[in-house]
file run-v9.cif (mmCIF, C-alpha atoms)
data_entry
loop_
_atom_site.label_atom_id
_atom_site.label_comp_id
_atom_site.auth_asym_id
_atom_site.auth_seq_id
_atom_site.Cartn_x
_atom_site.Cartn_y
_atom_site.Cartn_z
CA MET A 354 214.99 70.47 -10.68
CA ARG A 355 216.81 67.55 -9.12
CA ARG A 356 220.24 68.98 -9.74
CA ARG A 357 219.31 72.42 -8.38
CA GLY A 358 220.38 71.55 -4.88
CA ALA A 359 223.71 70.25 -6.05
CA THR A 360 224.78 73.42 -7.84
CA VAL A 361 224.86 75.61 -4.72
CA LYS A 362 227.53 74.48 -2.31
CA PRO A 363 227.87 76.29 1.00
CA GLY A 364 231.48 76.58 2.10
CA PRO A 365 233.23 77.74 5.26
CA ALA A 366 232.61 81.17 6.81
CA GLY A 367 229.46 81.98 4.85
CA SER A 368 231.05 81.33 1.47
CA LEU A 369 229.07 79.82 -1.36
CA ARG A 370 229.89 78.29 -4.70
CA VAL A 371 227.31 78.25 -7.46
CA GLY A 372 227.96 76.04 -10.48
CA ILE A 373 227.13 77.67 -13.82
CA GLU A 374 226.00 75.24 -16.47
CA GLU A 375 222.73 76.55 -17.83
CA SER A 376 220.86 79.82 -18.06
CA LEU A 377 218.82 79.30 -14.89
CA ASP A 378 222.08 79.07 -12.94
CA VAL A 379 222.69 82.74 -13.71
CA PHE A 380 219.57 83.54 -11.68
CA VAL A 381 220.52 81.15 -8.91
CA ALA A 382 223.94 82.80 -8.72
CA ARG A 383 222.71 86.36 -8.53
CA TRP A 384 219.89 85.45 -6.20
CA ASN A 385 222.39 83.99 -3.79
CA ALA A 386 224.82 86.86 -4.31
CA GLN A 387 222.14 89.41 -3.51
CA ARG A 388 221.20 87.56 -0.34
CA LEU A 389 224.81 87.17 0.73
CA ALA A 390 225.48 90.83 -0.02
CA ALA A 391 222.51 91.92 2.09
CA SER A 392 223.66 89.66 4.94
CA ILE A 393 227.13 91.22 4.86
CA GLY A 394 225.55 94.65 5.22
CA PHE A 395 225.33 96.04 1.69
CA ILE A 396 222.38 98.39 1.49
CA GLY A 397 220.54 100.55 -1.04
CA PRO A 398 221.44 99.87 -4.65
CA ALA A 399 224.61 97.95 -3.71
CA PRO A 400 223.10 94.42 -3.64
CA GLN A 401 221.60 95.06 -7.09
CA GLU A 402 224.95 96.29 -8.37
CA ILE A 403 226.56 93.12 -7.04
CA ALA A 404 223.81 91.12 -8.73
CA ILE A 405 224.71 92.80 -12.02
CA VAL A 406 228.38 91.88 -11.53
CA VAL A 407 227.49 88.25 -10.79
CA SER A 408 225.16 88.24 -13.75
CA GLU A 409 227.93 89.43 -16.08
CA LEU A 410 230.41 86.89 -14.68
CA ALA A 411 227.90 84.05 -14.96
CA THR A 412 226.78 85.02 -18.45
CA ASN A 413 230.39 85.05 -19.61
CA ILE A 414 230.90 81.54 -18.21
CA LEU A 415 227.88 80.34 -20.18
CA LYS A 416 228.97 82.11 -23.33
CA TYR A 417 232.66 81.30 -23.40
CA GLY A 418 233.43 78.93 -20.61
CA VAL A 419 231.70 75.59 -21.22
CA ARG A 420 231.62 74.79 -17.51
CA GLY A 421 232.43 76.81 -14.46
CA GLY A 422 231.22 78.36 -11.27
CA ILE A 423 231.26 81.41 -9.05
CA LEU A 424 232.60 81.42 -5.54
CA MET A 425 231.19 84.13 -3.30
CA GLN A 426 232.67 84.87 0.07
CA PRO A 427 232.68 87.59 2.69
CA VAL A 428 236.11 89.16 3.07
CA HIS A 429 237.66 91.58 5.49
CA ASP A 430 240.96 93.37 5.19
CA ALA A 431 242.58 96.04 7.29
CA ALA A 432 242.84 98.62 4.51
CA HIS A 433 239.28 98.47 3.19
CA GLY A 434 237.15 96.74 5.80
CA ALA A 435 234.40 94.27 4.99
CA GLY A 436 233.43 93.25 1.52
CA LEU A 437 232.31 90.53 -0.82
CA GLU A 438 234.71 88.58 -2.98
CA LEU A 439 233.61 86.93 -6.21
CA VAL A 440 235.74 84.40 -8.03
CA ALA A 441 234.45 83.11 -11.36
CA ASP A 442 236.32 80.29 -13.00
CA ASP A 443 235.67 78.19 -16.08
CA ASP A 444 237.42 75.74 -18.38
CA GLY A 445 237.00 77.76 -21.56
CA PRO A 446 239.90 79.16 -23.58
CA PRO A 447 241.76 82.14 -22.03
CA LEU A 448 241.00 85.67 -23.21
CA PHE A 449 243.10 86.88 -26.10
CA ASP A 450 243.62 90.27 -24.45
CA PHE A 451 241.98 91.21 -21.14
CA ALA A 452 242.87 94.91 -21.39
CA VAL A 453 241.16 95.12 -24.78
CA ALA A 454 238.11 93.19 -23.62
CA LEU A 455 237.70 95.58 -20.67
CA GLN A 456 236.90 98.44 -23.01
CA ASP A 457 233.25 99.10 -23.69
CA GLY A 458 232.10 97.87 -27.05
CA PHE A 459 235.10 95.58 -27.36
CA GLY A 460 235.56 91.84 -27.43
CA ASP A 461 238.88 90.28 -26.39
CA ARG A 462 240.30 90.76 -29.89
CA GLY A 463 239.10 94.28 -30.61
CA PRO A 464 236.03 96.41 -31.22
CA ILE A 465 232.75 94.67 -31.93
CA ASP A 466 231.41 95.42 -35.38
CA PRO A 467 228.08 97.27 -34.89
CA GLY A 468 226.70 95.27 -37.81
CA THR A 469 227.01 92.08 -35.81
CA LEU A 470 225.36 93.41 -32.65
CA ILE A 471 221.88 92.11 -33.46
CA GLY A 472 221.44 88.63 -32.07
CA ARG A 473 224.89 88.70 -30.52
CA GLY A 474 223.48 88.55 -27.02
CA GLY A 475 225.82 91.19 -25.70
CA ILE A 476 227.11 94.69 -26.26
CA GLY A 477 230.73 94.21 -25.28
CA GLY A 478 230.12 95.94 -21.98
CA GLY A 479 230.18 93.13 -19.46
CA LEU A 480 233.76 93.28 -18.21
CA GLY A 481 233.67 97.07 -18.16
CA ALA A 482 230.54 96.94 -16.04
CA ILE A 483 232.24 94.57 -13.59
CA ALA A 484 235.23 96.88 -13.34
CA ARG A 485 232.99 99.89 -12.67
CA LEU A 486 230.79 98.18 -10.10
CA THR A 487 233.61 96.56 -8.09
CA ASP A 488 236.68 97.91 -6.34
CA LEU A 489 239.15 95.28 -7.47
CA PHE A 490 238.96 93.30 -10.68
CA GLU A 491 241.64 90.93 -11.89
CA TYR A 492 241.95 88.33 -14.56
CA LEU A 493 244.05 85.19 -14.08
CA PRO A 494 244.45 83.34 -17.38
CA GLY A 495 245.45 80.03 -15.78
CA PRO A 496 246.25 77.26 -16.63
CA PRO A 497 244.51 75.12 -15.65
CA ARG A 498 241.40 77.31 -15.57
CA LYS A 499 240.95 80.95 -16.33
CA SER A 500 239.39 82.97 -13.56
CA PHE A 501 238.09 86.43 -12.78
CA HIS A 502 238.53 87.82 -9.35
CA ALA A 503 236.41 90.76 -8.15
CA VAL A 504 235.96 92.41 -4.75
CA ARG A 505 233.39 94.96 -3.74
CA TYR A 506 233.82 96.65 -0.38
CA LEU A 507 231.05 97.93 1.87
CA ARG A 508 232.70 101.34 1.82
CA ARG A 509 233.92 101.87 -1.68
CA PRO A 510 237.44 103.29 -1.75
CA ARG A 511 237.81 106.39 -3.89
CA ARG A 512 239.26 105.71 -7.27
CA ALA A 513 240.09 107.50 -10.47
CA ALA A 514 237.07 108.05 -12.70
CA ARG A 515 236.83 105.65 -15.56
CA MET B 812 224.87 71.22 43.74
CA SER B 813 225.31 69.15 46.84
CA ALA B 814 225.06 65.38 46.65
CA ILE B 815 222.01 63.94 48.32
CA GLU B 816 222.88 61.33 50.90
CA THR B 817 219.87 60.88 53.14
CA PRO B 818 216.31 61.64 52.24
CA ASP B 819 215.96 63.99 55.12
CA GLU B 820 213.68 66.94 54.64
CA ALA B 821 216.27 69.66 54.10
CA ASN B 822 217.94 67.68 51.34
CA MET B 823 214.62 66.91 49.72
CA VAL B 824 213.61 70.57 49.62
CA GLU B 825 216.98 71.44 48.13
CA SER B 826 216.77 68.86 45.34
CA ILE B 827 213.19 69.84 44.54
CA ALA B 828 214.37 73.44 44.23
CA ASP B 829 217.11 72.26 41.87
CA ALA B 830 214.57 70.34 39.84
CA LEU B 831 212.35 73.43 39.59
CA LEU B 832 215.33 75.45 38.34
CA VAL B 833 215.98 72.85 35.67
CA LEU B 834 212.32 72.88 34.63
CA ALA B 835 212.42 76.67 34.43
CA ASN B 836 215.41 76.37 32.08
CA VAL B 837 213.46 73.93 29.95
CA GLY B 838 210.64 76.44 29.90
CA TYR B 839 213.04 79.00 28.46
CA GLY B 840 214.08 76.58 25.74
CA ASP B 841 217.30 75.31 27.30
CA PHE B 842 217.25 71.53 26.98
CA ASP B 843 220.82 71.00 28.16
CA SER B 844 220.39 70.95 31.92
CA ARG B 845 219.36 67.76 33.70
CA VAL B 846 218.07 67.04 37.18
CA GLU B 847 220.51 65.23 39.43
CA VAL B 848 218.83 61.91 40.23
CA PRO B 849 219.16 60.88 43.93
CA ASP B 850 219.51 57.25 45.08
CA GLY B 851 220.13 55.99 41.56
CA GLY B 852 216.44 56.50 40.87
CA GLU B 853 215.37 53.98 43.52
CA SER B 854 213.42 56.29 45.83
CA PRO B 855 210.12 57.84 44.73
CA LEU B 856 211.82 61.20 44.38
CA GLY B 857 214.63 59.61 42.35
CA ALA B 858 212.12 57.91 40.05
CA LEU B 859 210.31 61.21 39.53
CA PHE B 860 213.54 63.02 38.70
CA ALA B 861 214.62 60.29 36.30
CA GLY B 862 211.22 60.69 34.65
CA ILE B 863 211.76 64.43 34.35
CA ASN B 864 215.09 63.82 32.63
CA GLU B 865 213.47 61.42 30.19
CA MET B 866 210.85 64.01 29.43
CA ILE B 867 213.52 66.62 28.72
CA ASP B 868 215.27 64.19 26.37
CA ALA B 869 212.02 63.58 24.53
CA LEU B 870 211.30 67.30 24.28
CA ARG B 871 214.77 67.92 22.94
CA ALA B 872 214.40 65.24 20.25
CA GLU B 873 211.02 66.67 19.29
CA ARG B 874 212.41 70.16 19.03
CA GLU B 875 215.26 69.00 16.80
CA ARG B 876 212.79 67.25 14.53
CA ASN B 877 210.73 70.45 14.36
CA ARG B 878 213.80 72.43 13.49
CA SER B 879 214.69 70.17 10.61
CA TYR B 880 211.10 70.35 9.32
CA GLN B 881 211.27 74.09 9.53
CA ALA B 882 214.61 74.23 7.72
CA GLU B 883 213.19 71.99 5.01
CA LEU B 884 210.13 74.18 4.67
CA GLU B 885 212.20 77.35 4.52
CA ASP B 886 214.38 75.74 1.90
CA LYS B 887 211.33 74.91 -0.20
CA LEU B 888 209.90 78.38 0.19
CA SER B 889 213.15 79.95 -0.86
CA THR B 890 213.28 77.68 -3.91
CA ILE B 891 209.77 78.73 -4.86
CA GLU B 892 210.60 82.39 -4.38
CA GLN B 893 213.73 81.93 -6.45
CA GLN B 894 211.82 80.26 -9.26
CA ARG B 895 209.21 82.96 -9.23
CA ALA B 896 211.89 85.62 -9.58
CA ALA B 897 213.58 83.64 -12.34
CA ILE B 898 210.35 83.27 -14.32
CA ARG B 899 209.72 86.97 -14.01
CA GLU B 900 213.19 87.88 -15.11
CA LEU B 901 213.74 85.21 -17.73
CA SER B 902 211.07 86.56 -19.97
CA THR B 903 211.28 89.83 -21.81
CA PRO B 904 207.68 90.12 -22.92
CA VAL B 905 206.65 92.69 -25.47
CA MET B 906 202.96 93.46 -25.26
CA GLU B 907 200.76 95.45 -27.55
CA VAL B 908 198.85 97.41 -24.93
CA TRP B 909 197.04 99.69 -27.37
CA GLU B 910 196.71 99.86 -31.09
CA GLY B 911 200.20 100.69 -32.32
CA VAL B 912 201.60 100.88 -28.81
CA LEU B 913 204.10 98.33 -27.57
CA CYS B 914 205.10 97.95 -23.97
CA LEU B 915 208.30 96.35 -22.78
CA PRO B 916 208.17 95.92 -19.02
CA VAL B 917 211.60 95.34 -17.57
CA VAL B 918 211.94 93.73 -14.15
CA GLY B 919 214.81 92.44 -12.07
CA ILE B 920 218.36 93.02 -13.16
CA VAL B 921 219.50 94.53 -16.42
CA ASP B 922 222.94 93.36 -17.47
CA SER B 923 224.65 93.79 -20.81
CA GLN B 924 223.28 90.58 -22.25
CA ARG B 925 219.74 91.36 -21.25
CA SER B 926 219.87 94.88 -22.64
CA SER B 927 221.10 93.46 -25.91
CA GLN B 928 218.29 90.88 -26.02
CA MET B 929 215.74 93.56 -25.22
CA THR B 930 216.91 95.65 -28.14
CA ASP B 931 216.65 92.69 -30.50
CA VAL B 932 213.16 91.80 -29.32
CA LEU B 933 211.87 95.37 -29.31
CA LEU B 934 213.17 96.40 -32.72
CA GLN B 935 211.86 93.21 -34.27
CA ALA B 936 208.44 93.70 -32.69
CA ILE B 937 208.23 97.33 -33.81
CA VAL B 938 208.67 96.30 -37.43
CA GLU B 939 206.33 93.31 -37.20
CA LYS B 940 203.52 95.09 -35.41
CA ARG B 941 203.86 98.44 -37.19
CA THR B 942 204.28 100.17 -33.89
CA ARG B 943 204.15 103.93 -33.54
CA CYS B 944 205.03 104.11 -29.90
CA ALA B 945 207.22 101.85 -27.76
CA ILE B 946 207.04 102.23 -24.01
CA VAL B 947 209.94 100.80 -22.06
CA ASP B 948 208.95 100.55 -18.42
CA ILE B 949 211.85 100.20 -16.00
CA THR B 950 209.93 100.57 -12.74
CA GLY B 951 211.77 98.66 -10.05
CA ILE B 952 215.13 98.80 -11.77
CA GLU B 953 217.29 100.75 -9.38
CA VAL B 954 220.67 100.26 -10.89
CA MET B 955 222.16 99.98 -14.33
CA ASP B 956 225.74 100.15 -15.42
CA THR B 957 226.55 103.32 -17.37
CA ARG B 958 227.26 101.26 -20.47
CA THR B 959 223.83 99.65 -20.23
CA VAL B 960 222.16 103.04 -19.83
CA ASP B 961 224.05 104.17 -22.88
CA HIS B 962 222.79 101.13 -24.74
CA PHE B 963 219.22 101.98 -23.72
CA ILE B 964 219.58 105.44 -25.21
CA ARG B 965 220.95 103.91 -28.40
CA MET B 966 217.99 101.59 -28.45
CA ALA B 967 215.68 104.60 -28.20
CA ARG B 968 217.45 106.19 -31.18
CA ALA B 969 217.11 102.99 -33.17
CA VAL B 970 213.39 102.95 -32.40
CA ARG B 971 213.15 106.47 -33.83
CA LEU B 972 214.93 105.39 -36.98
CA LEU B 973 212.22 102.79 -37.43
CA GLY B 974 209.66 105.58 -37.40
CA ALA B 975 208.32 105.02 -33.90
CA GLU B 976 208.54 106.96 -30.71
CA CYS B 977 210.34 105.61 -27.66
CA VAL B 978 209.06 106.46 -24.22
CA LEU B 979 210.87 105.57 -21.03
CA THR B 980 208.79 105.22 -17.86
CA GLY B 981 209.49 104.46 -14.23
CA VAL B 982 213.00 105.88 -14.18
CA SER B 983 214.41 105.57 -10.66
CA PRO B 984 216.24 108.49 -9.00
CA ASN B 985 219.47 106.51 -9.17
CA ILE B 986 219.24 105.91 -12.91
CA ALA B 987 218.11 109.48 -13.53
CA HIS B 988 221.25 110.59 -11.73
CA THR B 989 223.41 108.31 -13.86
CA MET B 990 221.82 109.60 -17.05
CA VAL B 991 222.33 113.24 -16.20
CA HIS B 992 225.94 112.57 -15.23
CA MET B 993 226.51 110.81 -18.52
CA GLY B 994 225.24 113.88 -20.31
CA VAL B 995 222.48 111.97 -22.06
CA ASP B 996 220.61 114.13 -24.54
CA LEU B 997 217.03 113.69 -23.42
CA ALA B 998 215.73 114.96 -26.74
CA ASP B 999 216.07 111.35 -27.91
CA VAL B 1000 213.80 109.87 -25.28
CA ALA B 1001 210.47 110.98 -23.99
CA THR B 1002 209.90 110.12 -20.35
CA HIS B 1003 206.81 109.70 -18.23
CA ARG B 1004 206.38 108.94 -14.59
CA SER B 1005 204.52 105.71 -15.14
CA LEU B 1006 203.31 103.38 -17.85
CA ARG B 1007 199.82 104.67 -17.23
CA ASP B 1008 200.83 108.29 -17.73
CA ALA B 1009 202.65 107.43 -20.92
CA LEU B 1010 199.66 105.61 -22.32
CA LYS B 1011 197.31 108.43 -21.37
CA ALA B 1012 199.56 111.00 -23.02
CA TYR B 1013 199.72 108.90 -26.17
CA VAL B 1014 195.95 108.54 -26.39
CA VAL B 1015 195.40 112.28 -25.86
CA GLN B 1016 197.99 113.04 -28.52
CA GLN B 1017 196.27 110.71 -31.00
CA LYS B 1018 192.90 112.32 -30.37
CA ARG B 1019 194.33 115.74 -31.07
CA LYS B 1020 195.72 114.58 -34.38
CA LYS B 1021 192.31 113.37 -35.56
#

call {"tool": "encode", "arguments": {"input": "run-v9.cif", "output": "structure tokens"}}
result
Amino acid sequence: MRRRGATVKPGPAGSLRVGIEESLDVFVARWNAQRLAASIGFIGPAPQEIAIVVSELATNILKYGVRGGILMQPVHDAAHGAGLELVADDDGPPLFDFAVALQDGFGDRGPIDPGTLIGRGGIGGGLGAIARLTDLFEYLPGPPRKSFHAVRYLRRPRRAAR
Amino acid sequence: MSAIETPDEANMVESIADALLVLANVGYGDFDSRVEVPDGGESPLGALFAGINEMIDALRAERERNRSYQAELEDKLSTIEQQRAAIRELSTPVMEVWEGVLCLPVVGIVDSQRSSQMTDVLLQAIVEKRTRCAIVDITGIEVMDTRTVDHFIRMARAVRLLGAECVLTGVSPNIAHTMVHMGVDLADVATHRSLRDALKAYVVQQKRKK
């Protein structure tokens, strides 16, 4: 419990960085994300959707990233208005192919064999879920660290159906 | 505010009025204003005003201490609340609520990893406990990604393959909407409004069979 306080670092302008090192940190991250989202003005199912996004980002850090964290910050731009930006970074190896990994049921090297699904701790749907629940989703392979960059706006811009 | 030169009556009344204004501010929670002390605090009135200022300083310090206590307390409460939520969500309990009936209550957030773990746990438990009916209760879950919903339906099909029935309860309007839009074939999953309804229906059904 002693290190709990140290993993959440408040930054300027309501931003927050949550370190992800163990499974409980996933909860800390989405807890904080949900609160931040509500404070920005997200209502209805939106804070829960953001919590899912943070959950997927944090879980991926734990699974593939060794050590990392998620930065959450309120953003505002002229085109889209207010929103919440999430930047997840870790020191794990870069993805083999982001575009492949984005597809449901796929890992970063191709489709996941259904025979290996049991006990895998995932269904190959995490990145796809992030893409669907946010309005901007980018992958920056680094070096030095790979990072995922996602933004969800209060008013979701219309986009092509996925 | 005019400087007080002589302790003549008019000046005294004026400075007392100023002091009252300051005290009123303090009453409203503003600890920034101070009384102007006449005669360097030498006269009786000056001593009184200096005393008032000291009192305001003390009040201010006390209030700051209170604030930090309060912040500390709020911090602790939020930690407790956070831990409570984590405990609730960390576990995916599978309970045998009736003979041959398993219940998987799902709370909090369902992400892809969690849905995968739930499938593992549920399928394993169905085989081990010779379950005939598995009730997955998602009351309180407002949102799921389409892929996760899809995985849930697959889980229901897998349950059928194991010779059990899968019942979904507590579906929120939002998730119902998602399912219909996805074109989910509801023949695969029985649904009931609540866990209680599902259990009741199962018991009635068993009685009829006998």

call {"tool": "atom_distance", "arguments": {"input": "run-v9.cif", "atom1": "CA of Leu1006 (chain B)", "atom2": "CA of Ala404 (chain A)"}}
result
25.6 Å

call {"tool": "atom_distance", "arguments": {"input": "run-v9.cif", "atom1": "CA of Leu448 (chain A)", "atom2": "CA of Arg420 (chain A)"}}
result
15.5 Å

call {"tool": "atom_distance", "arguments": {"input": "run-v9.cif", "atom1": "CA of Asn822 (chain B)", "atom2": "CA of Pro849 (chain B)"}}
result
10.1 Å

call {"tool": "closest_atom_pairs", "arguments": {"input": "run-v9.cif", "of": "chain A", "to": "chain B", "cutoff": "10 Å", "atoms": "only C-alpha atoms", "output": "tab-separated table"}}
result
residue	atom	partner	partner_atom	distance
A:Arg357	CA	B:Thr890	CA	9.2
A:Gly358	CA	B:Thr890	CA	9.4
A:Ser376	CA	B:Leu901	CA	8.9
A:Leu377	CA	B:Ala897	CA	7.3
A:Asp378	CA	B:Ala897	CA	9.7
A:Val379	CA	B:Ala897	CA	9.3
A:Phe380	CA	B:Ala897	CA	6.0
A:Val381	CA	B:Gln893	CA	7.3
A:Arg383	CA	B:Ile920	CA	9.2
A:Trp384	CA	B:Gln893	CA	7.1
A:Asn385	CA	B:Gln893	CA	9.3
A:Gly397	CA	B:Glu953	CA	9.0
A:Pro398	CA	B:Val954	CA	6.3
A:Ala399	CA	B:Val954	CA	8.5
A:Pro400	CA	B:Val954	CA	9.6
A:Gln401	CA	B:Val954	CA	6.5
A:Glu402	CA	B:Val954	CA	6.4
A:Ala404	CA	B:Ile920	CA	7.3
A:Ile405	CA	B:Asp922	CA	5.8
A:Val406	CA	B:Asp922	CA	8.2
A:Val407	CA	B:Asp922	CA	9.6
A:Ser408	CA	B:Asp922	CA	6.7
A:Glu409	CA	B:Asp922	CA	6.5
A:Thr412	CA	B:Gln924	CA	7.6
A:Asn413	CA	B:Gln924	CA	9.4
A:Asp457	CA	B:Arg958	CA	7.1
A:Gly458	CA	B:Arg958	CA	8.8
A:Leu470	CA	B:Ser927	CA	8.0
A:Ile471	CA	B:Asp931	CA	6.0
A:Gly472	CA	B:Asp931	CA	6.5
A:Arg473	CA	B:Ser927	CA	7.6
A:Gly474	CA	B:Gln924	CA	5.2
A:Gly475	CA	B:Gln924	CA	4.3
A:Ile476	CA	B:Ser923	CA	6.0
A:Gly477	CA	B:Ser923	CA	7.6
A:Gly478	CA	B:Ser923	CA	6.0
A:Gly479	CA	B:Ser923	CA	5.7
A:Leu480	CA	B:Ser923	CA	9.5
A:Gly481	CA	B:Arg958	CA	8.0
A:Ala482	CA	B:Asp956	CA	5.8
A:Ile483	CA	B:Asp956	CA	8.8
A:Arg485	CA	B:Asp956	CA	7.8
A:Leu486	CA	B:Asp956	CA	7.6

call {"tool": "residues_around", "arguments": {"input": "run-v9.cif", "residues": "Arg498 (chain A)", "least_positions_apart": "6", "cutoff": "9 Å", "atoms": "all atoms listed in the file", "output": "JSON, numbers by chain"}}
result
{"A": [442, 443, 444, 445, 446, 447]}

call {"tool": "residues_around", "arguments": {"input": "run-v9.cif", "residues": "Arg871 (chain B)", "least_positions_apart": "4", "cutoff": "9 Å", "atoms": "all atoms listed in the file", "output": "number ranges by chain"}}
result
B: 841-843, 866-867, 875-876

call {"tool": "resolve_selection", "arguments": {"input": "run-v9.cif", "expression": "the PyMOL selection byres ((chain A and resi 506) around 9)", "output": "ChimeraX atom specification"}}
result
/A:395,428-429,433-438,487-489,504-505,507-510

call {"tool": "write_last_selection", "arguments": {"input": "run-v9.cif", "atoms": "C-alpha atoms", "output": "PDB file, in the coordinates of the input"}}
result
ATOM      1  CA  PHE A 395     225.330  96.040   1.690  1.00  0.00           C
ATOM      2  CA  VAL A 428     236.110  89.160   3.070  1.00  0.00           C
ATOM      3  CA  HIS A 429     237.660  91.580   5.490  1.00  0.00           C
ATOM      4  CA  HIS A 433     239.280  98.470   3.190  1.00  0.00           C
ATOM      5  CA  GLY A 434     237.150  96.740   5.800  1.00  0.00           C
ATOM      6  CA  ALA A 435     234.400  94.270   4.990  1.00  0.00           C
ATOM      7  CA  GLY A 436     233.430  93.250   1.520  1.00  0.00           C
ATOM      8  CA  LEU A 437     232.310  90.530  -0.820  1.00  0.00           C
ATOM      9  CA  GLU A 438     234.710  88.580  -2.980  1.00  0.00           C
ATOM     10  CA  THR A 487     233.610  96.560  -8.090  1.00  0.00           C
ATOM     11  CA  ASP A 488     236.680  97.910  -6.340  1.00  0.00           C
ATOM     12  CA  LEU A 489     239.150  95.280  -7.470  1.00  0.00           C
ATOM     13  CA  VAL A 504     235.960  92.410  -4.750  1.00  0.00           C
ATOM     14  CA  ARG A 505     233.390  94.960  -3.740  1.00  0.00           C
ATOM     15  CA  LEU A 507     231.050  97.930   1.870  1.00  0.00           C
ATOM     16  CA  ARG A 508     232.700 101.340   1.820  1.00  0.00           C
ATOM     17  CA  ARG A 509     233.920 101.870  -1.680  1.00  0.00           C
ATOM     18  CA  PRO A 510     237.440 103.290  -1.750  1.00  0.00           C
TER      19      PRO A 510
END

call {"tool": "resolve_selection", "arguments": {"input": "run-v9.cif", "expression": "the PyMOL selection byres ((chain A and resi 369) around 10)", "output": "list in words"}}
result
Val361, Lys362, Pro363, Gly364, Pro365, Ala366, Gly367, Ser368, Arg370, Val371, Gly372, Ala382, Asn385, Ala386, Leu389, Ile423, Leu424, Met425, Gln426, Pro427 and Leu439 of chain A

call {"tool": "axis_aligned_box", "arguments": {"input": "run-v9.cif", "around": "region 941-945 of chain B", "padding_each_side": "8 Å", "output": "lines of an AutoDock Vina configuration file"}}
result
center_x = 205.5
center_y = 101.3
center_z = -32.5
size_x = 19.4
size_y = 21.7
size_z = 25.4

call {"tool": "resolve_selection", "arguments": {"input": "run-v9.cif", "expression": "the PyMOL selection byres ((chain B and resi 917) around 6)", "output": "NGL selection string"}}
result
:B and (916 or 918 or 948-949)

call {"tool": "closest_residue", "arguments": {"input": "run-v9.cif", "among": "B:Ile964, B:Pro904, B:Arg845, B:Gly911", "to": "Leu933 (chain B)", "atoms": "only C-alpha atoms"}}
result
B:Pro904

call {"tool": "residues_around", "arguments": {"input": "run-v9.cif", "residues": "Leu1010 (chain B)", "least_positions_apart": "6", "cutoff": "12 Å", "atoms": "only C-alpha atoms", "output": "ChimeraX atom specification"}}
result
/B:907-914,944-948,977-980,1002-1004,1016-1017

call {"tool": "decode", "arguments": {"input": "run-v9.cif", "residues": "region 978-1004 of chain B", "atoms": "C-alpha atoms", "output": "mmCIF file, in the first residue's frame"}}
result
data_model
loop_
_atom_site.group_PDB
_atom_site.id
_atom_site.type_symbol
_atom_site.label_atom_id
_atom_site.label_comp_id
_atom_site.auth_asym_id
_atom_site.auth_seq_id
_atom_site.Cartn_x
_atom_site.Cartn_y
_atom_site.Cartn_z
ATOM 1 C CA VAL B 978 -28.970 -17.281 -19.387
ATOM 2 C CA LEU B 979 -28.111 -13.610 -19.516
ATOM 3 C CA THR B 980 -29.714 -11.333 -16.924
ATOM 4 C CA GLY B 981 -29.651 -7.642 -16.156
ATOM 5 C CA VAL B 982 -28.983 -6.487 -19.700
ATOM 6 C CA SER B 983 -28.884 -2.682 -19.776
ATOM 7 C CA PRO B 984 -30.724 -0.715 -22.483
ATOM 8 C CA ASN B 985 -27.386 0.379 -23.907
ATOM 9 C CA ILE B 986 -26.066 -3.160 -24.288
ATOM 10 C CA ALA B 987 -29.411 -4.386 -25.609
ATOM 11 C CA HIS B 988 -29.130 -1.703 -28.265
ATOM 12 C CA THR B 989 -25.606 -2.793 -29.153
ATOM 13 C CA MET B 990 -26.672 -6.424 -29.428
ATOM 14 C CA VAL B 991 -29.586 -5.709 -31.712
ATOM 15 C CA HIS B 992 -27.404 -3.517 -33.915
ATOM 16 C CA MET B 993 -24.839 -6.279 -34.138
ATOM 17 C CA GLY B 994 -27.543 -8.611 -35.346
ATOM 18 C CA VAL B 995 -26.992 -11.057 -32.516
ATOM 19 C CA ASP B 996 -29.096 -14.179 -32.895
ATOM 20 C CA LEU B 997 -30.894 -14.317 -29.585
ATOM 21 C CA ALA B 998 -31.767 -17.971 -30.097
ATOM 22 C CA ASP B 999 -28.354 -18.686 -28.573
ATOM 23 C CA VAL B 1000 -29.005 -16.900 -25.310
ATOM 24 C CA ALA B 1001 -31.977 -16.907 -23.037
ATOM 25 C CA THR B 1002 -32.494 -13.629 -21.221
ATOM 26 C CA HIS B 1003 -34.299 -12.675 -18.053
ATOM 27 C CA ARG B 1004 -34.831 -9.364 -16.401
#
